[in-house]
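Novice: One file is attached below, input-v6.json, containing JSON, C-alpha atoms and all ligand atoms.
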```
[["chain", "number", "residue", "atom", "x", "y", "z"],
["A", 1, "MET", "CA", 6.97, -16.54, -2.51],
["A", 2, "MET", "CA", 8.34, -13.06, -3.06],
["A", 3, "LYS", "CA", 6.09, -10.21, -1.85],
["A", 4, "LEU", "CA", 6.00, -7.00, -3.84],
["A", 5, "LEU", "CA", 4.02, -3.79, -3.47],
["A", 6, "ALA", "CA", 2.77, -1.45, -6.19],
["A", 7, "ILE", "CA", 2.36, 2.25, -5.49],
["A", 8, "VAL", "CA", 0.21, 3.70, -8.29],
["A", 9, "GLY", "CA", 0.27, 7.45, -8.95],
["A", 10, "SER", "CA", -3.28, 7.73, -10.32],
["A", 11, "LEU", "CA", -6.51, 7.47, -8.32],
["A", 12, "ARG", "CA", -8.69, 7.14, -11.42],
["A", 13, "LYS", "CA", -10.82, 3.97, -11.41],
["A", 14, "GLN", "CA", -9.93, 3.07, -15.01],
["A", 15, "SER", "CA", -6.35, 4.35, -14.74],
["A", 16, "TYR", "CA", -3.95, 2.84, -17.26],
["A", 17, "ASN", "CA", -1.28, 2.83, -14.57],
["A", 18, "LEU", "CA", -3.54, 0.88, -12.21],
["A", 19, "ARG", "CA", -4.32, -1.50, -15.06],
["A", 20, "LEU", "CA", -0.59, -1.91, -15.69],
["A", 21, "ALA", "CA", -0.20, -2.86, -12.01],
["A", 22, "ARG", "CA", -3.04, -5.39, -12.39],
["A", 23, "THR", "CA", -1.45, -6.75, -15.57],
["A", 24, "VAL", "CA", 1.82, -7.32, -13.70],
["A", 25, "ARG", "CA", -0.05, -8.94, -10.78],
["A", 26, "GLU", "CA", -1.84, -11.37, -13.07],
["A", 27, "ARG", "CA", 1.08, -12.10, -15.41],
["A", 28, "PHE", "CA", 3.55, -12.84, -12.63],
["A", 29, "ALA", "CA", 1.14, -14.53, -10.19],
["A", 30, "ASP", "CA", 3.40, -17.61, -10.08],
["A", 31, "ARG", "CA", 6.54, -15.58, -9.29],
["A", 32, "PHE", "CA", 5.38, -13.05, -6.67],
["A", 33, "GLU", "CA", 2.40, -11.77, -4.72],
["A", 34, "LEU", "CA", 1.57, -8.19, -5.63],
["A", 35, "ARG", "CA", -0.32, -5.89, -3.31],
["A", 36, "ILE", "CA", -1.55, -2.54, -4.60],
["A", 37, "ALA", "CA", -1.29, 0.22, -1.98],
["A", 38, "ASP", "CA", -4.28, 2.50, -1.39],
["A", 39, "ILE", "CA", -2.55, 5.89, -1.43],
["A", 40, "GLY", "CA", -5.86, 7.73, -2.02],
["A", 41, "SER", "CA", -6.73, 7.22, 1.66],
["A", 42, "LEU", "CA", -3.57, 8.91, 2.95],
["A", 43, "PRO", "CA", -4.16, 12.37, 4.41],
["A", 44, "LEU", "CA", -2.28, 15.32, 2.95],
["A", 45, "PHE", "CA", 1.12, 15.33, 4.59],
["A", 46, "ASN", "CA", 1.33, 17.71, 7.53],
["A", 47, "GLU", "CA", 4.14, 17.72, 10.07],
["A", 48, "ASP", "CA", 1.56, 18.48, 12.77],
["A", 49, "LEU", "CA", 0.08, 15.00, 12.21],
["A", 50, "GLU", "CA", 3.41, 13.24, 12.67],
["A", 51, "ASP", "CA", 3.28, 12.77, 16.43],
["A", 52, "ARG", "CA", 0.13, 10.69, 16.13],
["A", 53, "PRO", "CA", -0.07, 9.66, 12.47],
["A", 54, "PRO", "CA", -3.43, 8.33, 11.23],
["A", 55, "GLU", "CA", -3.71, 4.52, 11.11],
["A", 56, "HIS", "CA", -3.67, 4.52, 7.34],
["A", 57, "VAL", "CA", -0.19, 6.06, 7.33],
["A", 58, "ALA", "CA", 1.12, 3.36, 9.66],
["A", 59, "ALA", "CA", -0.51, 0.67, 7.48],
["A", 60, "PHE", "CA", 1.07, 2.12, 4.33],
["A", 61, "ARG", "CA", 4.52, 2.20, 5.94],
["A", 62, "ARG", "CA", 4.03, -1.35, 7.16],
["A", 63, "GLN", "CA", 3.12, -2.57, 3.66],
["A", 64, "ILE", "CA", 6.35, -1.07, 2.31],
["A", 65, "LYS", "CA", 8.39, -2.58, 5.13],
["A", 66, "GLU", "CA", 6.93, -6.04, 4.57],
["A", 67, "ALA", "CA", 7.54, -5.98, 0.80],
["A", 68, "ASP", "CA", 10.71, -7.41, -0.76],
["A", 69, "GLY", "CA", 10.49, -4.72, -3.42],
["A", 70, "VAL", "CA", 8.25, -1.93, -4.68],
["A", 71, "PHE", "CA", 6.96, -0.90, -8.11],
["A", 72, "VAL", "CA", 6.18, 2.79, -8.48],
["A", 73, "ILE", "CA", 3.80, 3.00, -11.45],
["A", 74, "THR", "CA", 2.79, 6.51, -12.35],
["A", 75, "PRO", "CA", 1.36, 8.81, -14.97],
["A", 76, "GLU", "CA", 2.89, 12.20, -15.68],
["A", 77, "TYR", "CA", 0.99, 15.31, -14.61],
["A", 78, "ASN", "CA", 2.31, 18.57, -16.03],
["A", 79, "TRP", "CA", 5.76, 17.13, -16.68],
["A", 80, "SER", "CA", 6.14, 15.74, -13.17],
["A", 81, "VAL", "CA", 4.73, 13.23, -10.70],
["A", 82, "PRO", "CA", 1.10, 13.60, -9.54],
["A", 83, "GLY", "CA", 0.71, 15.28, -6.15],
["A", 84, "VAL", "CA", -0.91, 12.15, -4.68],
["A", 85, "LEU", "CA", 2.24, 10.16, -5.39],
["A", 86, "LYS", "CA", 4.56, 12.83, -3.95],
["A", 87, "ASN", "CA", 2.31, 12.95, -0.88],
["A", 88, "ALA", "CA", 2.62, 9.17, -0.39],
["A", 89, "ILE", "CA", 6.41, 9.28, -0.80],
["A", 90, "ASP", "CA", 6.63, 12.18, 1.67],
["A", 91, "TRP", "CA", 4.78, 10.07, 4.27],
["A", 92, "ALA", "CA", 7.15, 7.17, 3.56],
["A", 93, "SER", "CA", 10.19, 9.43, 3.97],
["A", 94, "ARG", "CA", 9.63, 10.02, 7.70],
["A", 95, "GLU", "CA", 9.84, 8.13, 10.99],
["A", 96, "ASP", "CA", 11.26, 4.70, 10.17],
["A", 97, "ARG", "CA", 11.74, 5.57, 6.45],
["A", 98, "PRO", "CA", 10.54, 2.27, 5.03],
["A", 99, "LEU", "CA", 11.72, 3.02, 1.48],
["A", 100, "SER", "CA", 15.33, 3.38, 2.58],
["A", 101, "GLY", "CA", 17.37, 0.62, 0.91],
["A", 102, "LYS", "CA", 14.20, -0.92, -0.59],
["A", 103, "PRO", "CA", 14.53, -2.23, -4.16],
["A", 104, "VAL", "CA", 12.29, -0.09, -6.39],
["A", 105, "MET", "CA", 11.36, -0.30, -10.06],
["A", 106, "VAL", "CA", 9.83, 2.71, -11.81],
["A", 107, "MET", "CA", 7.21, 2.38, -14.57],
["A", 108, "GLY", "CA", 4.65, 4.60, -16.21],
["A", 109, "VAL", "CA", 1.90, 4.88, -18.78],
["A", 110, "SER", "CA", 0.73, 8.06, -20.45],
["A", 111, "ASN", "CA", -1.77, 8.75, -23.12],
["A", 112, "GLY", "CA", 0.62, 11.04, -24.97],
["A", 113, "SER", "CA", 3.62, 10.32, -27.19],
["A", 114, "VAL", "CA", 6.55, 11.09, -24.85],
["A", 115, "GLY", "CA", 4.75, 9.54, -21.95],
["A", 116, "THR", "CA", 6.08, 9.86, -18.41],
["A", 117, "LEU", "CA", 9.76, 10.43, -19.25],
["A", 118, "ARG", "CA", 9.89, 13.79, -17.52],
["A", 119, "ALA", "CA", 7.88, 12.46, -14.56],
["A", 120, "GLN", "CA", 10.23, 9.49, -14.20],
["A", 121, "LEU", "CA", 13.30, 11.75, -14.17],
["A", 122, "HIS", "CA", 11.74, 13.77, -11.32],
["A", 123, "LEU", "CA", 10.68, 10.56, -9.59],
["A", 124, "ARG", "CA", 14.23, 9.16, -9.68],
["A", 125, "GLN", "CA", 15.48, 12.38, -8.13],
["A", 126, "ILE", "CA", 12.88, 12.17, -5.34],
["A", 127, "LEU", "CA", 13.69, 8.50, -4.68],
["A", 128, "ALA", "CA", 17.39, 9.40, -4.31],
["A", 129, "SER", "CA", 16.77, 12.12, -1.71],
["A", 130, "SER", "CA", 18.25, 11.76, 1.76],
["A", 131, "GLY", "CA", 14.83, 11.09, 3.33],
["A", 132, "VAL", "CA", 13.95, 8.34, 0.85],
["A", 133, "GLN", "CA", 17.19, 6.65, -0.31],
["A", 134, "ALA", "CA", 15.43, 3.87, -2.21],
["A", 135, "ASP", "CA", 17.56, 1.26, -3.97],
["A", 136, "VAL", "CA", 16.30, 1.98, -7.50],
["A", 137, "LEU", "CA", 16.84, -0.39, -10.43],
["A", 138, "PRO", "CA", 19.16, 1.60, -12.76],
["A", 139, "PRO", "CA", 17.32, 3.07, -15.75],
["A", 140, "ALA", "CA", 19.67, 1.90, -18.53],
["A", 141, "GLY", "CA", 17.83, -0.88, -20.35],
["A", 142, "ASN", "CA", 15.13, -1.00, -17.69],
["A", 143, "GLU", "CA", 12.88, 1.95, -18.42],
["A", 144, "VAL", "CA", 9.18, 1.17, -18.81],
["A", 145, "LEU", "CA", 7.67, 4.12, -20.69],
["A", 146, "VAL", "CA", 4.34, 3.03, -22.11],
["A", 147, "ARG", "CA", 3.08, 5.61, -24.60],
["A", 148, "THR", "CA", -0.38, 6.09, -26.15],
["A", 149, "GLY", "CA", -2.05, 4.01, -23.44],
["A", 150, "GLY", "CA", -5.42, 4.29, -25.16],
["A", 151, "GLU", "CA", -4.20, 1.98, -27.92],
["A", 152, "LYS", "CA", -2.52, -0.62, -25.72],
["A", 153, "PHE", "CA", -5.13, -1.60, -23.15],
["A", 154, "GLY", "CA", -8.43, -3.42, -23.53],
["A", 155, "SER", "CA", -11.57, -1.32, -23.18],
["A", 156, "GLY", "CA", -13.15, -0.45, -19.82],
["A", 157, "ASP", "CA", -11.09, -2.07, -17.08],
["A", 158, "GLY", "CA", -9.06, -4.07, -19.61],
["A", 159, "LEU", "CA", -5.47, -5.11, -19.01],
["A", 160, "LEU", "CA", -2.47, -4.39, -21.22],
["A", 161, "THR", "CA", -2.82, -6.26, -24.51],
["A", 162, "ASP", "CA", 0.01, -4.91, -26.67],
["A", 163, "ASP", "CA", 2.33, -7.86, -27.40],
["A", 164, "LYS", "CA", 5.51, -5.84, -27.88],
["A", 165, "THR", "CA", 4.99, -3.94, -24.64],
["A", 166, "LEU", "CA", 4.19, -7.17, -22.77],
["A", 167, "ALA", "CA", 7.38, -8.83, -24.06],
["A", 168, "SER", "CA", 9.52, -5.89, -22.99],
["A", 169, "LEU", "CA", 7.74, -5.81, -19.61],
["A", 170, "ASP", "CA", 8.48, -9.52, -19.05],
["A", 171, "ARG", "CA", 12.18, -8.97, -19.72],
["A", 172, "LYS", "CA", 12.51, -5.92, -17.50],
["A", 173, "ILE", "CA", 10.51, -7.34, -14.60],
["A", 174, "SER", "CA", 12.62, -10.51, -14.68],
["A", 175, "LYS", "CA", 15.67, -8.28, -14.32],
["A", 176, "PHE", "CA", 14.04, -6.52, -11.38],
["A", 177, "LEU", "CA", 13.34, -9.86, -9.69],
["A", 178, "GLU", "CA", 17.02, -10.78, -10.06],
["A", 179, "PHE", "CA", 17.90, -7.37, -8.61],
["A", 180, "VAL", "CA", 15.61, -7.98, -5.61],
["A", 181, "GLU", "CA", 17.10, -11.46, -5.09],
["A", 182, "SER", "CA", 20.66, -10.13, -5.28],
["A", 183, "ARG", "CA", 19.84, -7.49, -2.65],
["A", 184, "LYS", "CA", 18.36, -10.16, -0.34],
["A", 185, "GLU", "CA", 21.51, -12.26, -0.63],
["A", 186, "GLY", "CA", 23.64, -9.21, 0.08],
["A", 187, "ARG", "CA", 21.80, -8.44, 3.33],
["A", 201, "LIG", "C1", -3.63, 17.18, -14.59],
["A", 201, "LIG", "C2", -3.09, 16.38, -15.75],
["A", 201, "LIG", "C3", -1.86, 16.67, -16.29],
["A", 201, "LIG", "C4", -1.34, 15.89, -17.34],
["A", 201, "LIG", "N1", -0.07, 16.14, -17.79],
["A", 201, "LIG", "C5", 0.50, 15.28, -18.65],
["A", 201, "LIG", "C6", 1.89, 15.41, -18.99],
["A", 201, "LIG", "O1", 2.58, 16.30, -18.52],
["A", 201, "LIG", "N2", 2.44, 14.49, -19.84],
["A", 201, "LIG", "C7", 1.70, 13.45, -20.36],
["A", 201, "LIG", "O2", 2.25, 12.63, -21.11],
["A", 201, "LIG", "N3", 0.38, 13.31, -20.08],
["A", 201, "LIG", "C8", -0.23, 14.20, -19.24],
["A", 201, "LIG", "N4", -1.56, 14.03, -18.89],
["A", 201, "LIG", "C9", -2.36, 12.98, -19.56],
["A", 201, "LIG", "C10", -2.13, 11.62, -18.93],
["A", 201, "LIG", "O3", -1.09, 10.96, -19.61],
["A", 201, "LIG", "C11", -3.42, 10.77, -19.05],
["A", 201, "LIG", "O4", -4.49, 11.44, -18.44],
["A", 201, "LIG", "C12", -3.22, 9.38, -18.44],
["A", 201, "LIG", "O5", -4.26, 8.55, -18.85],
["A", 201, "LIG", "C13", -3.19, 9.46, -16.90],
["A", 201, "LIG", "O6", -2.87, 8.22, -16.35],
["A", 201, "LIG", "P1", -3.95, 7.21, -15.74],
["A", 201, "LIG", "O7", -4.68, 6.64, -16.93],
["A", 201, "LIG", "O8", -3.15, 6.20, -15.01],
["A", 201, "LIG", "O9", -4.88, 8.00, -14.85],
["A", 201, "LIG", "C14", -2.09, 14.81, -17.87],
["A", 201, "LIG", "C15", -3.35, 14.54, -17.32],
["A", 201, "LIG", "C16", -3.86, 15.30, -16.28],
["A", 201, "LIG", "C17", -5.20, 14.94, -15.67]]
```
Write the structure described by the file as structure tokens, please.

Specialist:
Amino acid sequence: MMKLLAIVGSLRKQSYNLRLARTVRERFADRFELRIADIGSLPLFNEDLEDRPPEHVAAFRRQIKEADGVFVITPEYNWSVPGVLKNAIDWASREDRPLSGKPVMVMGVSNGSVGTLRAQLHLRQILASSGVQADVLPPAGNEVLVRTGGEKFGSGDGLLTDDKTLASLDRKISKFLEFVESRKEGR
């Protein structure tokens, strides 16, 4: 079975973005295994730590390397990506650069009305950088921009319940799975 990894840009326990990752894990349980990376345990990036990186950094890089593809699922903070997500990507951009050539799909939930568009534009730029060079699913027709999260998820720890959003998610994730498969065949 295909193995995918989710990198979630919010550390909040009841994060909508985390709940979107869980929704995807549950909904596609018969198509792929989804691991959710623990980026909250990564230290702040510091070049001085690079010679002997903490074990958690090595484990994070290993999880990316072992995955057939990666979802980056993030909120928008002040029109950009949260610092915790940038920190994780910076760690993944060094040494063996595990994101290089890795199929990646970008998604995001915000509580506002133009949710995560600006963050996703920045994120795509970061993922294209020479240190990262991820193989990102092109945005046309594949953007997942979930707005007004408060209205679309169940209460507490609830998963995504909005039918229209779920239908669009199914379509776009199926396209990502084809993208991942096509990259595997090309290798
Ligand atoms: C520091 C901070 C900055 C934010 N900036 C934005 C923003 O620029 N655009 C936006 O749509 N929402 C913004 N929000 C609101 C988030 O969309 C909302 O908090 C969302 O629930 C965060 O995602 P999460 O539920 O996965 O933690 C911001 C929230 C915080 C805490």

Novice: Which is closest to ligand LIG 201 (chain A) among A:Val104, A:Leu44, A:Leu123, A:Val81, if we use all atoms listed in the file?

Specialist: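 That would be A:Val81, the residue with the smallest distance to ligand LIG 201 (chain A).
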
Novice: Expressed in Å to a single decimal, how great is the separation between CA of Pro98 (chain A) and atom C8 of ligand LIG 201 (chain A)?

Specialist: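 Here the two named atoms are 29.1 Å from each other.
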
Novice: Do you know which residues are at most 10 Å from region 146-154 of chain A counting all atoms listed in the file, after dropping those on the same chain fewer than 6 positions away, and could you put them as a PyMOL selection string?

Specialist: chain A and resi 15-17+19-20+23+75+107-117+160-166+169

Novice: What separation in Å, quoted to one decimal, exists between CA of Val72 (chain A) and CA of Leu49 (chain A)?

Specialist: 24.8 Å

Novice: With distances taken over all atoms listed in the file, which residue among A:Ala134, A:Val144, A:Leu159, A:Leu42 lies nearest Leu85 (chain A)?

Specialist: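 Looking only at the distances to Leu85 (chain A), the closest residue turns out to be A:Leu42.
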
Novice: Given all atoms listed in the file as the basis, pick out the residue of A:Asp51, A:Glu143, A:Glu66, A:Glu33 nearest to Ser168 (chain A).

Specialist: A:Glu143

Novice: Check the smallest atom-to-atom distance from each of A:Lys13, A:Lys3, A:His56, A:Arg62 to Asp38 (chain A) using all atoms listed in the file, then report the winner.

Specialist: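 Comparing A:Lys13, A:Lys3, A:His56, A:Arg62 against Asp38 (chain A), the winner is A:His56.
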
Novice: With all atoms listed in the file as the basis for distance, which of A:Asp48, A:Met2, A:Ser41, A:Lys65 is at the shortest distance from Ala29 (chain A)?

Specialist: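 Result for the nearest residue to Ala29 (chain A): A:Met2.
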
Novice: Might you pull out every residue within 7 Å of Trp79 (chain A), with all atoms listed in the file counted and same-chain residues fewer than 2 positions away left off, and present them as JSON, numbers by chain?

Specialist: {"A": [76, 77, 118, 119]}

Novice: With C-alpha atoms retained, export the selected residues as a JSON list (two decimals), in the frame of the given file.

Specialist:
```
[["chain", "number", "residue", "atom", "x", "y", "z"],
["A", 76, "GLU", "CA", 2.89, 12.20, -15.68],
["A", 77, "TYR", "CA", 0.99, 15.31, -14.61],
["A", 118, "ARG", "CA", 9.89, 13.79, -17.52],
["A", 119, "ALA", "CA", 7.88, 12.46, -14.56]]
```

Novice: Considering all atoms listed in the file, can you say which of A:Leu99, A:Gln120, A:Asp157, A:Met105 comes closest to Ile173 (chain A)?

Specialist: A:Met105

Novice: Let me have the centre and edge lengths of the axis-aligned box enclosing all listed atoms of region 114-128 of chain A with 6 Å padding on every side, in Å to one decimal, as AutoDock Vina command-line options.

Specialist:
```
--center_x 11.1 --center_y 11.1 --center_z -14.6 --size_x 24.6 --size_y 17.3 --size_z 32.5
```

Novice: Need to verify the contact set: Ala6 (chain A), 6 Å, all atoms listed in the file, exclusion of same-chain residues closer than 4 positions in sequence. Can you return it as a PDB file with C-alpha atoms, keeping the file's coordinate frame?

Specialist:
```
ATOM      1  CA  ILE A  36      -1.550  -2.540  -4.600  1.00  0.00           C
ATOM      2  CA  VAL A  70       8.250  -1.930  -4.680  1.00  0.00           C
ATOM      3  CA  PHE A  71       6.960  -0.900  -8.110  1.00  0.00           C
ATOM      4  CA  VAL A  72       6.180   2.790  -8.480  1.00  0.00           C
TER       5      VAL A  72
END
```

Novice: Mind giving me the straight-line distance from CA of Ser129 (chain A) to CA of Asn87 (chain A) in Å, one decimal?

Specialist: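 Computing it gives 14.5 Å between the two atoms.
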
Novice: Determine, counting only C-alpha atoms, which protein, DNA and RNA residues have an atom within 9 Å of an atom of Ser93 (chain A); residues of the same chain fewer than 4 positions away are not included. Present the result as an mmCIF file with C-alpha atoms, in the coordinates of the input.

Specialist:
```cif
data_model
loop_
_atom_site.group_PDB
_atom_site.id
_atom_site.type_symbol
_atom_site.label_atom_id
_atom_site.label_comp_id
_atom_site.auth_asym_id
_atom_site.auth_seq_id
_atom_site.Cartn_x
_atom_site.Cartn_y
_atom_site.Cartn_z
ATOM 1 C CA ALA A 88 2.620 9.170 -0.390
ATOM 2 C CA ILE A 89 6.410 9.280 -0.800
ATOM 3 C CA ARG A 97 11.740 5.570 6.450
ATOM 4 C CA PRO A 98 10.540 2.270 5.030
ATOM 5 C CA LEU A 99 11.720 3.020 1.480
ATOM 6 C CA SER A 100 15.330 3.380 2.580
ATOM 7 C CA SER A 130 18.250 11.760 1.760
ATOM 8 C CA GLY A 131 14.830 11.090 3.330
ATOM 9 C CA VAL A 132 13.950 8.340 0.850
ATOM 10 C CA GLN A 133 17.190 6.650 -0.310
#
```

Novice: Give me, as a PyMOL selection string, all polymer residues having an atom no more than 8 Å from Leu5 (chain A), counting all atoms listed in the file and skipping those fewer than 4 positions away in the same chain.

Specialist: chain A and resi 34-37+63-64+67+69-71

Novice: Limit the output to C-alpha atoms and give region 118-168 of chain A as a CSV table (one decimal), in the first residue's frame.

Specialist:
```
chain,number,residue,atom,x,y,z
A,118,ARG,CA,-1.6,33.9,0.3
A,119,ALA,CA,0.1,31.3,2.5
A,120,GLN,CA,-0.1,28.7,-0.3
A,121,LEU,CA,1.5,31.1,-2.8
A,122,HIS,CA,4.4,31.6,-0.4
A,123,LEU,CA,4.6,27.9,0.3
A,124,ARG,CA,4.8,27.0,-3.4
A,125,GLN,CA,7.7,29.5,-3.7
A,126,ILE,CA,9.5,27.9,-0.8
A,127,LEU,CA,8.9,24.3,-2.1
A,128,ALA,CA,10.5,25.4,-5.4
A,129,SER,CA,13.7,26.8,-3.9
A,130,SER,CA,17.0,25.2,-4.8
A,131,GLY,CA,17.3,23.6,-1.3
A,132,VAL,CA,13.9,22.0,-1.4
A,133,GLN,CA,13.0,21.3,-5.1
A,134,ALA,CA,9.8,19.3,-4.2
A,135,ASP,CA,7.8,17.9,-7.1
A,136,VAL,CA,4.6,19.8,-6.4
A,137,LEU,CA,1.2,18.9,-7.9
A,138,PRO,CA,0.4,21.9,-10.1
A,139,PRO,CA,-2.2,24.3,-8.6
A,140,ALA,CA,-4.5,24.6,-11.6
A,141,GLY,CA,-7.6,22.6,-10.7
A,142,ASN,CA,-5.9,21.1,-7.6
A,143,GLU,CA,-6.0,23.8,-5.0
A,144,VAL,CA,-7.6,22.9,-1.7
A,145,LEU,CA,-8.5,26.2,0.0
A,146,VAL,CA,-11.0,25.4,2.8
A,147,ARG,CA,-12.6,28.6,4.0
A,148,THR,CA,-14.6,29.3,7.2
A,149,GLY,CA,-13.3,26.2,8.9
A,150,GLY,CA,-15.6,26.8,11.9
A,151,GLU,CA,-18.6,25.9,9.8
A,152,LYS,CA,-17.2,22.8,8.1
A,153,PHE,CA,-15.9,20.6,10.9
A,154,GLY,CA,-17.7,18.8,13.6
A,155,SER,CA,-17.3,20.2,17.1
A,156,GLY,CA,-14.4,19.5,19.4
A,157,ASP,CA,-12.0,17.1,17.6
A,158,GLY,CA,-14.6,16.5,14.8
A,159,LEU,CA,-13.6,15.7,11.3
A,160,LEU,CA,-14.6,17.6,8.1
A,161,THR,CA,-18.3,17.2,7.5
A,162,ASP,CA,-19.1,19.6,4.6
A,163,ASP,CA,-20.2,17.4,1.7
A,164,LYS,CA,-19.2,19.8,-1.1
A,165,THR,CA,-15.7,20.2,0.4
A,166,LEU,CA,-15.4,16.4,0.9
A,167,ALA,CA,-16.4,15.7,-2.8
A,168,SER,CA,-13.8,18.2,-4.1
```
